[in-house]
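J.: Structure: coords05.cif, mmCIF, C-alpha atoms; chains and numbers go by the auth columns.
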```cif
data_query
#
loop_
_atom_site.group_PDB
_atom_site.id
_atom_site.type_symbol
_atom_site.label_atom_id
_atom_site.label_comp_id
_atom_site.label_asym_id
_atom_site.label_seq_id
_atom_site.Cartn_x
_atom_site.Cartn_y
_atom_site.Cartn_z
_atom_site.B_iso_or_equiv
_atom_site.auth_seq_id
_atom_site.auth_asym_id
ATOM 1 C CA MET A 1 -64.278 40.480 1.282 0.00 6 A
ATOM 2 C CA THR A 2 -65.530 42.014 -1.958 0.00 7 A
ATOM 3 C CA PRO A 3 -63.302 44.951 -2.957 0.00 8 A
ATOM 4 C CA THR A 4 -64.847 48.395 -2.899 0.00 9 A
ATOM 5 C CA VAL A 5 -64.046 51.205 -5.285 0.00 10 A
ATOM 6 C CA PRO A 6 -64.816 54.873 -4.519 0.00 11 A
ATOM 7 C CA ILE A 7 -66.652 56.558 -7.376 0.00 12 A
ATOM 8 C CA ILE A 8 -66.587 60.379 -7.375 0.00 13 A
ATOM 9 C CA GLU A 9 -69.457 62.192 -9.060 0.00 14 A
ATOM 10 C CA ALA A 10 -71.289 65.507 -8.984 0.00 15 A
ATOM 11 C CA ALA A 11 -73.912 65.717 -6.264 0.00 16 A
ATOM 12 C CA THR A 12 -77.595 65.830 -7.121 0.00 17 A
ATOM 13 C CA SER A 13 -80.404 67.387 -5.125 0.00 18 A
ATOM 14 C CA THR A 14 -81.318 63.945 -3.765 0.00 19 A
ATOM 15 C CA ASP A 15 -77.805 63.662 -2.280 0.00 20 A
ATOM 16 C CA ILE A 16 -78.234 66.686 0.026 0.00 21 A
ATOM 17 C CA PRO A 17 -79.466 64.724 3.093 0.00 22 A
ATOM 18 C CA ALA A 18 -76.647 62.191 2.697 0.00 23 A
ATOM 19 C CA ILE A 19 -74.032 64.955 2.334 0.00 24 A
ATOM 20 C CA ALA A 20 -75.350 66.655 5.467 0.00 25 A
ATOM 21 C CA GLU A 21 -75.260 63.359 7.379 0.00 26 A
ATOM 22 C CA VAL A 22 -71.656 62.598 6.405 0.00 27 A
ATOM 23 C CA PHE A 23 -70.667 66.142 7.403 0.00 28 A
ATOM 24 C CA ALA A 24 -72.429 65.850 10.762 0.00 29 A
ATOM 25 C CA ARG A 25 -70.888 62.467 11.534 0.00 30 A
ATOM 26 C CA ALA A 26 -67.375 63.416 10.426 0.00 31 A
ATOM 27 C CA PHE A 27 -67.113 66.721 12.326 0.00 32 A
ATOM 28 C CA GLY A 28 -67.763 65.885 15.950 0.00 33 A
ATOM 29 C CA GLU A 29 -66.192 69.148 17.097 0.00 34 A
ATOM 30 C CA TYR A 30 -69.066 71.054 15.476 0.00 35 A
ATOM 31 C CA ARG A 31 -71.595 68.987 17.420 0.00 36 A
ATOM 32 C CA LEU A 32 -69.797 69.739 20.671 0.00 37 A
ATOM 33 C CA ALA A 33 -69.369 73.433 19.899 0.00 38 A
ATOM 34 C CA LEU A 34 -73.003 73.987 18.916 0.00 39 A
ATOM 35 C CA GLY A 35 -74.411 71.685 21.578 0.00 40 A
ATOM 36 C CA CYS A 36 -76.403 69.519 19.190 0.00 41 A
ATOM 37 C CA ASP A 37 -76.544 65.900 18.121 0.00 42 A
ATOM 38 C CA THR A 38 -75.730 64.439 14.709 0.00 43 A
ATOM 39 C CA ALA A 39 -79.274 64.709 13.361 0.00 44 A
ATOM 40 C CA ALA A 40 -79.587 68.366 14.408 0.00 45 A
ATOM 41 C CA LEU A 41 -76.208 69.285 12.897 0.00 46 A
ATOM 42 C CA ALA A 42 -77.270 67.647 9.629 0.00 47 A
ATOM 43 C CA ARG A 43 -80.457 69.716 9.622 0.00 48 A
ATOM 44 C CA LEU A 44 -78.418 72.876 10.236 0.00 49 A
ATOM 45 C CA TRP A 45 -76.052 72.199 7.348 0.00 50 A
ATOM 46 C CA ALA A 46 -78.593 70.930 4.807 0.00 51 A
ATOM 47 C CA PRO A 47 -79.757 74.418 3.667 0.00 52 A
ATOM 48 C CA LEU A 48 -76.132 75.568 3.327 0.00 53 A
ATOM 49 C CA ILE A 49 -75.420 72.565 1.124 0.00 54 A
ATOM 50 C CA ALA A 50 -78.589 73.132 -0.900 0.00 55 A
ATOM 51 C CA ALA A 51 -77.628 76.783 -1.449 0.00 56 A
ATOM 52 C CA ARG A 52 -74.526 75.728 -3.382 0.00 57 A
ATOM 53 C CA ARG A 53 -75.362 72.178 -4.381 0.00 58 A
ATOM 54 C CA SER A 54 -73.530 72.516 -7.700 0.00 59 A
ATOM 55 C CA ASN A 55 -70.258 72.909 -5.746 0.00 60 A
ATOM 56 C CA TRP A 56 -70.544 69.498 -4.114 0.00 61 A
ATOM 57 C CA HIS A 57 -69.279 66.084 -5.157 0.00 62 A
ATOM 58 C CA VAL A 58 -69.868 62.765 -3.469 0.00 63 A
ATOM 59 C CA ALA A 59 -67.854 59.571 -3.130 0.00 64 A
ATOM 60 C CA ARG A 60 -69.852 56.374 -3.382 0.00 65 A
ATOM 61 C CA ILE A 61 -68.754 52.849 -2.715 0.00 66 A
ATOM 62 C CA SER A 62 -69.487 50.759 -5.763 0.00 67 A
ATOM 63 C CA ARG A 63 -69.021 47.004 -5.731 0.00 68 A
ATOM 64 C CA PRO A 64 -68.153 45.326 -9.018 0.00 69 A
ATOM 65 C CA GLY A 65 -71.294 44.037 -10.688 0.00 70 A
ATOM 66 C CA ALA A 66 -73.669 45.876 -8.346 0.00 71 A
ATOM 67 C CA PRO A 67 -76.663 47.247 -10.292 0.00 72 A
ATOM 68 C CA GLU A 68 -77.250 50.257 -8.044 0.00 73 A
ATOM 69 C CA ALA A 69 -75.081 53.126 -6.850 0.00 74 A
ATOM 70 C CA GLY A 70 -73.663 52.677 -3.393 0.00 75 A
ATOM 71 C CA PRO A 71 -74.112 54.937 -0.382 0.00 76 A
ATOM 72 C CA VAL A 72 -72.446 58.327 -0.027 0.00 77 A
ATOM 73 C CA VAL A 73 -69.326 57.778 2.090 0.00 78 A
ATOM 74 C CA GLY A 74 -67.312 60.913 1.282 0.00 79 A
ATOM 75 C CA ILE A 75 -68.026 64.528 0.369 0.00 80 A
ATOM 76 C CA LEU A 76 -66.143 67.296 -1.403 0.00 81 A
ATOM 77 C CA ALA A 77 -67.057 70.973 -1.897 0.00 82 A
ATOM 78 C CA LEU A 78 -65.131 73.171 -4.329 0.00 83 A
ATOM 79 C CA GLU A 79 -65.375 76.950 -4.662 0.00 84 A
ATOM 80 C CA ALA A 80 -64.045 79.222 -7.379 0.00 85 A
ATOM 81 C CA HIS A 81 -62.395 82.582 -6.734 0.00 86 A
ATOM 82 C CA GLY A 82 -65.016 85.279 -6.160 0.00 87 A
ATOM 83 C CA GLU A 83 -67.883 82.845 -6.476 0.00 88 A
ATOM 84 C CA ALA A 84 -71.274 83.975 -5.106 0.00 89 A
ATOM 85 C CA HIS A 85 -72.497 81.263 -2.790 0.00 90 A
ATOM 86 C CA GLU A 86 -76.046 82.040 -1.789 0.00 91 A
ATOM 87 C CA SER A 87 -79.073 83.841 -3.067 0.00 92 A
ATOM 88 C CA ALA A 88 -80.981 86.015 -0.624 0.00 93 A
ATOM 89 C CA GLY A 89 -83.701 83.386 -0.495 0.00 94 A
ATOM 90 C CA HIS A 90 -81.285 80.629 0.493 0.00 95 A
ATOM 91 C CA GLY A 91 -79.747 82.878 3.130 0.00 96 A
ATOM 92 C CA LEU A 92 -83.118 83.572 4.705 0.00 97 A
ATOM 93 C CA ARG A 93 -84.035 79.875 4.694 0.00 98 A
ATOM 94 C CA THR A 94 -80.735 78.994 6.304 0.00 99 A
ATOM 95 C CA LEU A 95 -81.227 81.619 9.005 0.00 100 A
ATOM 96 C CA ALA A 96 -84.745 80.340 9.679 0.00 101 A
ATOM 97 C CA VAL A 97 -83.509 76.760 10.109 0.00 102 A
ATOM 98 C CA TRP A 98 -80.685 77.771 12.434 0.00 103 A
ATOM 99 C CA ARG A 99 -82.974 79.960 14.523 0.00 104 A
ATOM 100 C CA ARG A 100 -85.536 77.158 14.809 0.00 105 A
ATOM 101 C CA GLU A 101 -82.917 74.589 15.773 0.00 106 A
ATOM 102 C CA LEU A 102 -80.781 76.726 18.079 0.00 107 A
ATOM 103 C CA GLY A 103 -82.930 79.620 19.245 0.00 108 A
ATOM 104 C CA ILE A 104 -81.671 83.194 19.398 0.00 109 A
ATOM 105 C CA ARG A 105 -79.032 82.479 22.032 0.00 110 A
ATOM 106 C CA GLY A 106 -77.868 79.399 20.186 0.00 111 A
ATOM 107 C CA LEU A 107 -77.672 81.324 16.921 0.00 112 A
ATOM 108 C CA LEU A 108 -75.471 83.978 18.550 0.00 113 A
ATOM 109 C CA TRP A 109 -73.347 81.235 20.100 0.00 114 A
ATOM 110 C CA ALA A 110 -72.932 79.615 16.666 0.00 115 A
ATOM 111 C CA CYS A 111 -71.657 82.930 15.268 0.00 116 A
ATOM 112 C CA TYR A 112 -69.157 83.114 18.136 0.00 117 A
ATOM 113 C CA ALA A 113 -68.079 79.495 17.617 0.00 118 A
ATOM 114 C CA LEU A 114 -67.565 79.731 13.864 0.00 119 A
ATOM 115 C CA PHE A 115 -66.032 83.221 13.733 0.00 120 A
ATOM 116 C CA PRO A 116 -62.394 81.995 14.029 0.00 121 A
ATOM 117 C CA LEU A 117 -62.870 79.892 10.887 0.00 122 A
ATOM 118 C CA ALA A 118 -64.288 82.905 9.063 0.00 123 A
ATOM 119 C CA ILE A 119 -61.233 84.927 10.132 0.00 124 A
ATOM 120 C CA ALA A 120 -58.944 82.296 8.577 0.00 125 A
ATOM 121 C CA TYR A 121 -60.839 82.485 5.281 0.00 126 A
ATOM 122 C CA VAL A 122 -60.772 86.285 5.209 0.00 127 A
ATOM 123 C CA ARG A 123 -57.057 86.517 6.000 0.00 128 A
ATOM 124 C CA ARG A 124 -56.115 84.051 3.287 0.00 129 A
ATOM 125 C CA PRO A 125 -58.911 83.907 0.671 0.00 130 A
ATOM 126 C CA PRO A 126 -58.707 81.827 -2.522 0.00 131 A
ATOM 127 C CA ARG A 127 -56.671 83.440 -5.291 0.00 132 A
ATOM 128 C CA SER A 128 -57.670 83.803 -8.906 0.00 133 A
ATOM 129 C CA ASP A 129 -55.559 80.822 -10.033 0.00 134 A
ATOM 130 C CA GLU A 130 -56.896 78.486 -7.333 0.00 135 A
ATOM 131 C CA LEU A 131 -59.882 76.238 -6.872 0.00 136 A
ATOM 132 C CA TYR A 132 -60.702 76.197 -3.158 0.00 137 A
ATOM 133 C CA VAL A 133 -61.401 72.968 -1.277 0.00 138 A
ATOM 134 C CA ALA A 134 -64.130 74.275 1.022 0.00 139 A
ATOM 135 C CA ASN A 135 -64.964 70.910 2.549 0.00 140 A
ATOM 136 C CA LEU A 136 -63.670 67.360 2.437 0.00 141 A
ATOM 137 C CA ALA A 137 -64.902 64.628 4.738 0.00 142 A
ATOM 138 C CA VAL A 138 -65.253 60.851 4.878 0.00 143 A
ATOM 139 C CA ALA A 139 -67.753 58.926 6.982 0.00 144 A
ATOM 140 C CA PRO A 140 -65.956 57.625 10.106 0.00 145 A
ATOM 141 C CA GLU A 141 -66.339 53.930 9.279 0.00 146 A
ATOM 142 C CA TYR A 142 -64.814 54.466 5.807 0.00 147 A
ATOM 143 C CA GLN A 143 -61.807 56.515 6.861 0.00 148 A
ATOM 144 C CA ASN A 144 -58.239 55.296 6.246 0.00 149 A
ATOM 145 C CA ARG A 145 -59.267 53.523 3.046 0.00 150 A
ATOM 146 C CA GLY A 146 -57.892 56.022 0.558 0.00 151 A
ATOM 147 C CA ILE A 147 -61.217 57.771 -0.053 0.00 152 A
ATOM 148 C CA GLY A 148 -59.952 61.152 1.132 0.00 153 A
ATOM 149 C CA ARG A 149 -56.980 60.864 -1.220 0.00 154 A
ATOM 150 C CA ARG A 150 -59.314 59.938 -4.076 0.00 155 A
ATOM 151 C CA LEU A 151 -61.448 63.002 -3.333 0.00 156 A
ATOM 152 C CA LEU A 152 -58.351 65.204 -3.469 0.00 157 A
ATOM 153 C CA ALA A 153 -57.399 63.671 -6.800 0.00 158 A
ATOM 154 C CA ALA A 154 -60.892 64.415 -8.091 0.00 159 A
ATOM 155 C CA ALA A 155 -60.523 68.025 -6.901 0.00 160 A
ATOM 156 C CA ALA A 156 -57.276 68.320 -8.873 0.00 161 A
ATOM 157 C CA GLU A 157 -59.010 66.916 -11.956 0.00 162 A
ATOM 158 C CA ARG A 158 -61.850 69.442 -11.633 0.00 163 A
ATOM 159 C CA ALA A 159 -59.346 72.264 -11.213 0.00 164 A
ATOM 160 C CA GLN A 160 -57.540 71.272 -14.400 0.00 165 A
ATOM 161 C CA GLU A 161 -60.813 70.973 -16.310 0.00 166 A
ATOM 162 C CA ARG A 162 -61.799 74.488 -15.242 0.00 167 A
ATOM 163 C CA GLY A 163 -58.422 76.078 -15.962 0.00 168 A
ATOM 164 C CA TYR A 164 -57.141 76.512 -12.391 0.00 169 A
ATOM 165 C CA ARG A 165 -53.463 75.927 -11.715 0.00 170 A
ATOM 166 C CA ARG A 166 -53.676 75.147 -8.014 0.00 171 A
ATOM 167 C CA LEU A 167 -55.893 73.954 -5.182 0.00 172 A
ATOM 168 C CA SER A 168 -55.999 75.743 -1.835 0.00 173 A
ATOM 169 C CA LEU A 169 -57.611 74.957 1.512 0.00 174 A
ATOM 170 C CA HIS A 170 -57.599 75.649 5.232 0.00 175 A
ATOM 171 C CA VAL A 171 -57.094 72.976 7.860 0.00 176 A
ATOM 172 C CA ALA A 172 -57.162 73.095 11.649 0.00 177 A
ATOM 173 C CA ALA A 173 -53.636 73.018 13.040 0.00 178 A
ATOM 174 C CA SER A 174 -54.790 70.393 15.533 0.00 179 A
ATOM 175 C CA ASN A 175 -56.035 67.987 12.811 0.00 180 A
ATOM 176 C CA ALA A 176 -52.902 65.859 12.424 0.00 181 A
ATOM 177 C CA SER A 177 -54.462 63.230 10.170 0.00 182 A
ATOM 178 C CA ALA A 178 -55.773 65.826 7.697 0.00 183 A
ATOM 179 C CA LEU A 179 -52.420 67.633 7.673 0.00 184 A
ATOM 180 C CA HIS A 180 -50.675 64.362 6.880 0.00 185 A
ATOM 181 C CA LEU A 181 -53.092 63.644 4.031 0.00 186 A
ATOM 182 C CA TYR A 182 -52.673 67.074 2.450 0.00 187 A
ATOM 183 C CA GLU A 183 -48.896 67.176 2.789 0.00 188 A
ATOM 184 C CA SER A 184 -48.526 63.667 1.389 0.00 189 A
ATOM 185 C CA ALA A 185 -50.698 64.771 -1.550 0.00 190 A
ATOM 186 C CA GLY A 186 -48.282 67.619 -2.345 0.00 191 A
ATOM 187 C CA PHE A 187 -49.836 70.554 -0.486 0.00 192 A
ATOM 188 C CA ALA A 188 -47.456 73.055 1.108 0.00 193 A
ATOM 189 C CA ARG A 189 -48.115 75.148 4.189 0.00 194 A
ATOM 190 C CA GLU A 190 -48.342 78.850 3.330 0.00 195 A
ATOM 191 C CA VAL A 191 -49.340 80.655 6.484 0.00 196 A
ATOM 192 C CA THR A 192 -50.579 79.884 9.988 0.00 197 A
ATOM 193 C CA ILE A 193 -53.526 82.032 11.032 0.00 198 A
ATOM 194 C CA ARG A 194 -54.197 82.485 14.733 0.00 199 A
ATOM 195 C CA PRO A 195 -57.647 83.971 15.403 0.00 200 A
ATOM 196 C CA PRO A 196 -58.084 86.261 18.432 0.00 201 A
ATOM 197 C CA TYR A 197 -59.721 83.406 20.403 0.00 202 A
ATOM 198 C CA ARG A 198 -60.138 79.651 20.077 0.00 203 A
ATOM 199 C CA GLY A 199 -63.852 79.531 20.683 0.00 204 A
ATOM 200 C CA PRO A 200 -65.680 76.335 21.687 0.00 205 A
ATOM 201 C CA LEU A 201 -64.166 74.447 18.737 0.00 206 A
ATOM 202 C CA GLY A 202 -60.859 74.706 20.597 0.00 207 A
ATOM 203 C CA ILE A 203 -58.814 75.205 17.431 0.00 208 A
ATOM 204 C CA PRO A 204 -55.676 77.248 18.230 0.00 209 A
ATOM 205 C CA ALA A 205 -54.812 78.052 14.599 0.00 210 A
ATOM 206 C CA PHE A 206 -55.692 77.338 10.986 0.00 211 A
ATOM 207 C CA ILE A 207 -53.131 76.536 8.320 0.00 212 A
ATOM 208 C CA ALA A 208 -53.616 77.781 4.770 0.00 213 A
ATOM 209 C CA MET A 209 -52.234 75.293 2.255 0.00 214 A
ATOM 210 C CA ARG A 210 -51.724 75.333 -1.507 0.00 215 A
ATOM 211 C CA SER A 211 -51.034 72.492 -3.901 0.00 216 A
ATOM 212 C CA GLY A 212 -47.583 72.380 -5.427 0.00 217 A
#
```
The structure given in the file should be rewritten as C-alpha coordinates.
T.:
Amino acid sequence: MTPTVPIIEAATSTDIPAIAEVFARAFGEYRLALGCDTAALARLWAPLIAARRSNWHVARISRPGAPEAGPVVGILALEAHGEAHESAGHGLRTLAVWRRELGIRGLLWACYALFPLAIAYVRRPPRSDELYVANLAVAPEYQNRGIGRRLLAAAAERAQERGYRRLSLHVAASNASALHLYESAGFAREVTIRPPYRGPLGIPAFIAMRSG
(Lines of atoms letter the chains of each structure in order from A and count residues from 1; the text may use other names and numbers.)
(Lines give C-alpha, C1' and ligand atoms only; values in the text may rest on other atoms or scores of the structure.)
Protein backbone atom coordinates (compact mmCIF):
# COMPACT_ATOMS: atom_id res chain seq x y z
CA MET A 1 0.00 0.00 0.00
CA THR A 2 1.28 3.47 -0.86
CA PRO A 3 2.18 5.35 2.34
CA THR A 4 0.09 8.37 3.22
CA VAL A 5 1.35 11.50 4.91
CA PRO A 6 -0.96 13.98 6.69
CA ILE A 7 -0.33 17.55 5.58
CA ILE A 8 -1.66 20.28 7.90
CA GLU A 9 -2.54 23.63 6.36
CA ALA A 10 -4.75 26.65 6.95
CA ALA A 11 -8.31 26.16 5.76
CA THR A 12 -9.64 28.10 2.80
CA SER A 13 -13.22 29.09 2.08
CA THR A 14 -13.52 26.14 -0.33
CA ASP A 15 -12.70 23.77 2.56
CA ILE A 16 -15.78 24.75 4.61
CA PRO A 17 -18.09 21.99 3.27
CA ALA A 18 -15.39 19.36 3.82
CA ILE A 19 -14.71 20.60 7.37
CA ALA A 20 -18.43 20.47 8.16
CA GLU A 21 -18.67 16.94 6.75
CA VAL A 22 -15.74 15.64 8.80
CA PHE A 23 -17.25 17.24 11.92
CA ALA A 24 -20.66 15.71 11.24
CA ARG A 25 -19.23 12.25 10.60
CA ALA A 26 -16.86 12.29 13.57
CA PHE A 27 -19.36 13.46 16.21
CA GLY A 28 -22.19 10.96 16.13
CA GLU A 29 -23.40 12.06 19.55
CA TYR A 30 -24.36 15.45 18.09
CA ARG A 31 -26.46 13.75 15.41
CA LEU A 32 -28.27 11.72 18.05
CA ALA A 33 -28.77 14.67 20.38
CA LEU A 34 -30.14 16.99 17.68
CA GLY A 35 -32.11 14.28 15.91
CA CYS A 36 -30.56 14.86 12.50
CA ASP A 37 -28.52 12.93 9.97
CA THR A 38 -24.94 13.58 8.87
CA ALA A 39 -25.88 15.87 5.98
CA ALA A 40 -28.16 18.01 8.18
CA LEU A 41 -25.53 18.32 10.93
CA ALA A 42 -23.00 19.45 8.33
CA ARG A 43 -25.42 22.12 7.12
CA LEU A 44 -25.94 23.28 10.71
CA TRP A 45 -22.22 23.62 11.39
CA ALA A 46 -21.16 25.13 8.06
CA PRO A 47 -22.15 28.75 8.96
CA LEU A 48 -20.37 28.44 12.32
CA ILE A 49 -17.23 27.31 10.53
CA ALA A 50 -17.56 30.07 7.94
CA ALA A 51 -17.93 32.67 10.71
CA ARG A 52 -14.42 31.91 11.96
CA ARG A 53 -12.83 30.24 8.96
CA SER A 54 -9.42 31.77 9.73
CA ASN A 55 -9.33 29.70 12.95
CA TRP A 56 -9.52 26.39 11.12
CA HIS A 57 -6.83 24.07 9.79
CA VAL A 58 -7.26 20.91 7.79
CA ALA A 59 -5.31 17.66 7.51
CA ARG A 60 -5.04 16.24 4.02
CA ILE A 61 -3.71 12.91 2.93
CA SER A 62 -1.01 13.46 0.37
CA ARG A 63 0.55 10.57 -1.50
CA PRO A 64 4.14 10.97 -2.66
CA GLY A 65 4.22 12.18 -6.25
CA ALA A 66 0.50 13.00 -6.38
CA PRO A 67 -0.08 16.23 -8.34
CA GLU A 68 -3.19 17.30 -6.43
CA ALA A 69 -3.98 17.87 -2.77
CA GLY A 70 -5.73 14.99 -1.09
CA PRO A 71 -9.09 15.01 0.67
CA VAL A 72 -9.69 16.63 4.05
CA VAL A 73 -9.47 13.85 6.63
CA GLY A 74 -8.90 15.84 9.83
CA ILE A 75 -9.86 19.24 11.21
CA LEU A 76 -8.49 21.58 13.85
CA ALA A 77 -9.90 24.86 15.21
CA LEU A 78 -7.80 27.17 17.38
CA GLU A 79 -9.02 30.17 19.36
CA ALA A 80 -7.03 32.92 21.04
CA HIS A 81 -7.85 34.35 24.46
CA GLY A 82 -10.64 36.92 24.21
CA GLU A 83 -11.05 36.41 20.49
CA ALA A 84 -14.31 37.67 18.92
CA HIS A 85 -15.77 34.80 16.95
CA GLU A 86 -18.70 36.08 14.96
CA SER A 87 -19.97 39.24 13.39
CA ALA A 88 -23.63 40.07 13.84
CA GLY A 89 -24.24 39.11 10.23
CA HIS A 90 -22.73 35.65 10.69
CA GLY A 91 -24.75 35.15 13.86
CA LEU A 92 -27.99 35.97 12.09
CA ARG A 93 -27.15 33.65 9.19
CA THR A 94 -26.33 30.85 11.59
CA LEU A 95 -29.60 31.34 13.46
CA ALA A 96 -31.53 31.31 10.18
CA VAL A 97 -29.93 28.03 9.10
CA TRP A 98 -30.58 26.35 12.44
CA ARG A 99 -34.18 27.54 12.52
CA ARG A 100 -34.76 26.30 8.97
CA GLU A 101 -33.19 22.92 9.68
CA LEU A 102 -34.60 22.31 13.16
CA GLY A 103 -37.67 24.50 13.54
CA ILE A 104 -38.39 26.53 16.66
CA ARG A 105 -38.76 23.49 18.91
CA GLY A 106 -35.63 21.93 17.51
CA LEU A 107 -33.70 25.16 17.98
CA LEU A 108 -34.73 25.31 21.65
CA TRP A 109 -33.82 21.64 22.03
CA ALA A 110 -30.38 22.34 20.52
CA CYS A 111 -29.81 25.08 23.12
CA TYR A 112 -30.76 22.61 25.85
CA ALA A 113 -28.49 19.91 24.40
CA LEU A 114 -25.42 22.10 23.99
CA PHE A 115 -25.75 24.12 27.20
CA PRO A 116 -23.61 21.73 29.32
CA LEU A 117 -20.70 22.23 26.92
CA ALA A 118 -21.12 26.00 27.17
CA ILE A 119 -21.04 25.70 30.98
CA ALA A 120 -17.70 23.88 30.77
CA TYR A 121 -16.23 26.65 28.61
CA VAL A 122 -17.50 29.40 30.90
CA ARG A 123 -16.22 27.74 34.08
CA ARG A 124 -12.75 27.21 32.65
CA PRO A 125 -12.17 29.67 29.77
CA PRO A 126 -8.87 29.98 27.89
CA ARG A 127 -6.23 32.02 29.71
CA SER A 128 -4.11 34.77 28.26
CA ASP A 129 -1.06 32.51 27.81
CA GLU A 130 -3.01 29.73 26.08
CA LEU A 131 -4.15 28.94 22.58
CA TYR A 132 -7.43 27.03 22.86
CA VAL A 133 -8.09 23.85 20.88
CA ALA A 134 -11.78 24.45 20.15
CA ASN A 135 -12.19 21.43 17.89
CA LEU A 136 -10.15 18.46 16.74
CA ALA A 137 -11.60 15.60 14.75
CA VAL A 138 -10.55 12.92 12.27
CA ALA A 139 -12.81 11.22 9.75
CA PRO A 140 -13.79 7.78 11.13
CA GLU A 141 -12.04 5.75 8.43
CA TYR A 142 -8.75 7.61 9.04
CA GLN A 143 -8.70 7.36 12.82
CA ASN A 144 -5.90 5.54 14.67
CA ARG A 145 -3.35 6.52 12.03
CA GLY A 146 -1.60 9.27 13.94
CA ILE A 147 -3.52 12.12 12.29
CA GLY A 148 -4.96 13.39 15.56
CA ARG A 149 -1.48 13.47 17.07
CA ARG A 150 -0.19 15.34 14.02
CA LEU A 151 -2.98 17.90 14.40
CA LEU A 152 -2.02 18.43 18.04
CA ALA A 153 1.59 18.93 17.02
CA ALA A 154 0.47 21.51 14.47
CA ALA A 155 -1.54 23.27 17.20
CA ALA A 156 1.59 23.45 19.36
CA GLU A 157 3.55 24.89 16.42
CA ARG A 158 0.89 27.57 15.84
CA ALA A 159 0.89 28.43 19.53
CA GLN A 160 4.65 28.92 19.52
CA GLU A 161 4.49 31.04 16.37
CA ARG A 162 1.89 33.30 17.97
CA GLY A 163 3.67 33.63 21.32
CA TYR A 164 1.45 31.37 23.45
CA ARG A 165 3.09 29.20 26.08
CA ARG A 166 0.41 26.54 26.38
CA LEU A 167 -2.52 24.83 24.69
CA SER A 168 -5.79 24.19 26.51
CA LEU A 169 -8.94 22.25 25.65
CA HIS A 170 -12.04 20.56 27.01
CA VAL A 171 -12.84 16.90 26.46
CA ALA A 172 -15.83 14.79 27.43
CA ALA A 173 -15.01 12.62 30.43
CA SER A 174 -16.60 9.69 28.61
CA ASN A 175 -14.31 10.01 25.55
CA ALA A 176 -11.59 7.55 26.58
CA SER A 177 -9.74 7.56 23.26
CA ALA A 178 -9.46 11.36 23.18
CA LEU A 179 -8.31 11.44 26.81
CA HIS A 180 -5.61 8.91 26.00
CA LEU A 181 -4.44 10.96 23.01
CA TYR A 182 -4.23 14.20 24.97
CA GLU A 183 -2.52 12.69 28.00
CA SER A 184 0.00 10.85 25.85
CA ALA A 185 0.72 14.17 24.11
CA GLY A 186 1.59 15.80 27.45
CA PHE A 187 -1.71 17.39 28.47
CA ALA A 188 -2.56 17.38 32.18
CA ARG A 189 -6.03 17.32 33.69
CA GLU A 190 -6.81 20.58 35.50
CA VAL A 191 -10.41 20.39 36.61
CA THR A 192 -13.49 18.23 36.08
CA ILE A 193 -16.62 20.25 35.37
CA ARG A 194 -19.98 18.65 36.05
CA PRO A 195 -22.86 20.60 34.47
CA PRO A 196 -26.23 20.63 36.26
CA TYR A 197 -27.60 18.01 33.80
CA ARG A 198 -26.23 15.65 31.17
CA GLY A 199 -28.62 16.58 28.42
CA PRO A 200 -29.23 14.36 25.37
CA LEU A 201 -25.48 14.17 24.66
CA GLY A 202 -25.25 12.05 27.81
CA ILE A 203 -21.91 13.52 28.87
CA PRO A 204 -21.59 13.36 32.69
CA ALA A 205 -18.62 15.76 32.91
CA PHE A 206 -16.06 17.69 30.91
CA ILE A 207 -12.36 17.74 31.72
CA ALA A 208 -10.33 20.90 31.20
CA MET A 209 -6.78 20.08 30.15
CA ARG A 210 -3.63 22.13 29.62
CA SER A 211 -0.41 21.24 27.85
CA GLY A 212 2.64 20.78 30.04
J.: Pick the closest to A:Arg110 from A:Leu156, A:Leu83, A:Leu174, A:Leu39: which is it, counting only C-alpha atoms?
T.: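 Of A:Leu156, A:Leu83, A:Leu174, A:Leu39, the one nearest A:Arg110, counting only C-alpha atoms, is A:Leu39.
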J.: Contacts of A:Ser18 at 12 Å or less, counting only C-alpha atoms, minus same-chain residues fewer than 5 places along, as an NGL selection string?
T.: :A and (23-25 or 51-52 or 54-63)
J.: Box for stretch 14-24 of chain A - axis-aligned, 8 Å on each of the six sides, all listed atoms - centre and size in Å to one decimal, as lines of an AutoDock Vina configuration file.
T.:
```
center_x = -75.4
center_y = 64.8
center_z = -3.0
size_x = 27.9
size_y = 21.2
size_z = 28.2
```
J.: Taking the file above as input, evaluate the PyMOL selection byres ((chain A and resi 129-143) around 9) and report the hits as a ChimeraX atom specification.
T.: /A:27-28,30-32,61,64,78-87,124-128,144-148,152-153,156-157,160-161,163-164,167-175,196,198,213,215
J.: From the list A:Arg105, A:Ile13, A:Leu119, A:Ser67, which residue is nearest A:Gly204 when using only C-alpha atoms?
T.: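 Once distances to A:Gly204 are computed over only C-alpha atoms, the minimum belongs to A:Leu119.
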J.: For the file shown, what are the residues hit by the PyMOL selection byres ((chain A and resi 200-202) around 10), laid out as a ChimeraX atom specification?
T.: /A:117-118,120-125,128,197-199,203-205,207-211
J.: Evaluate the PyMOL selection byres ((chain A and resi 106) around 12) here and jot the selected residues down as a VMD selection string.
T.: chain A and resid 39 to 42 44 to 50 99 to 105 107 to 112 115
J.: Report, in Å to a single decimal, how far apart atom CA of A:Ile12 and atom CA of A:Gly191 are.
T.: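 Spanning atom CA of A:Gly191 to atom CA of A:Ile12 is a straight-line distance of 22.0 Å.
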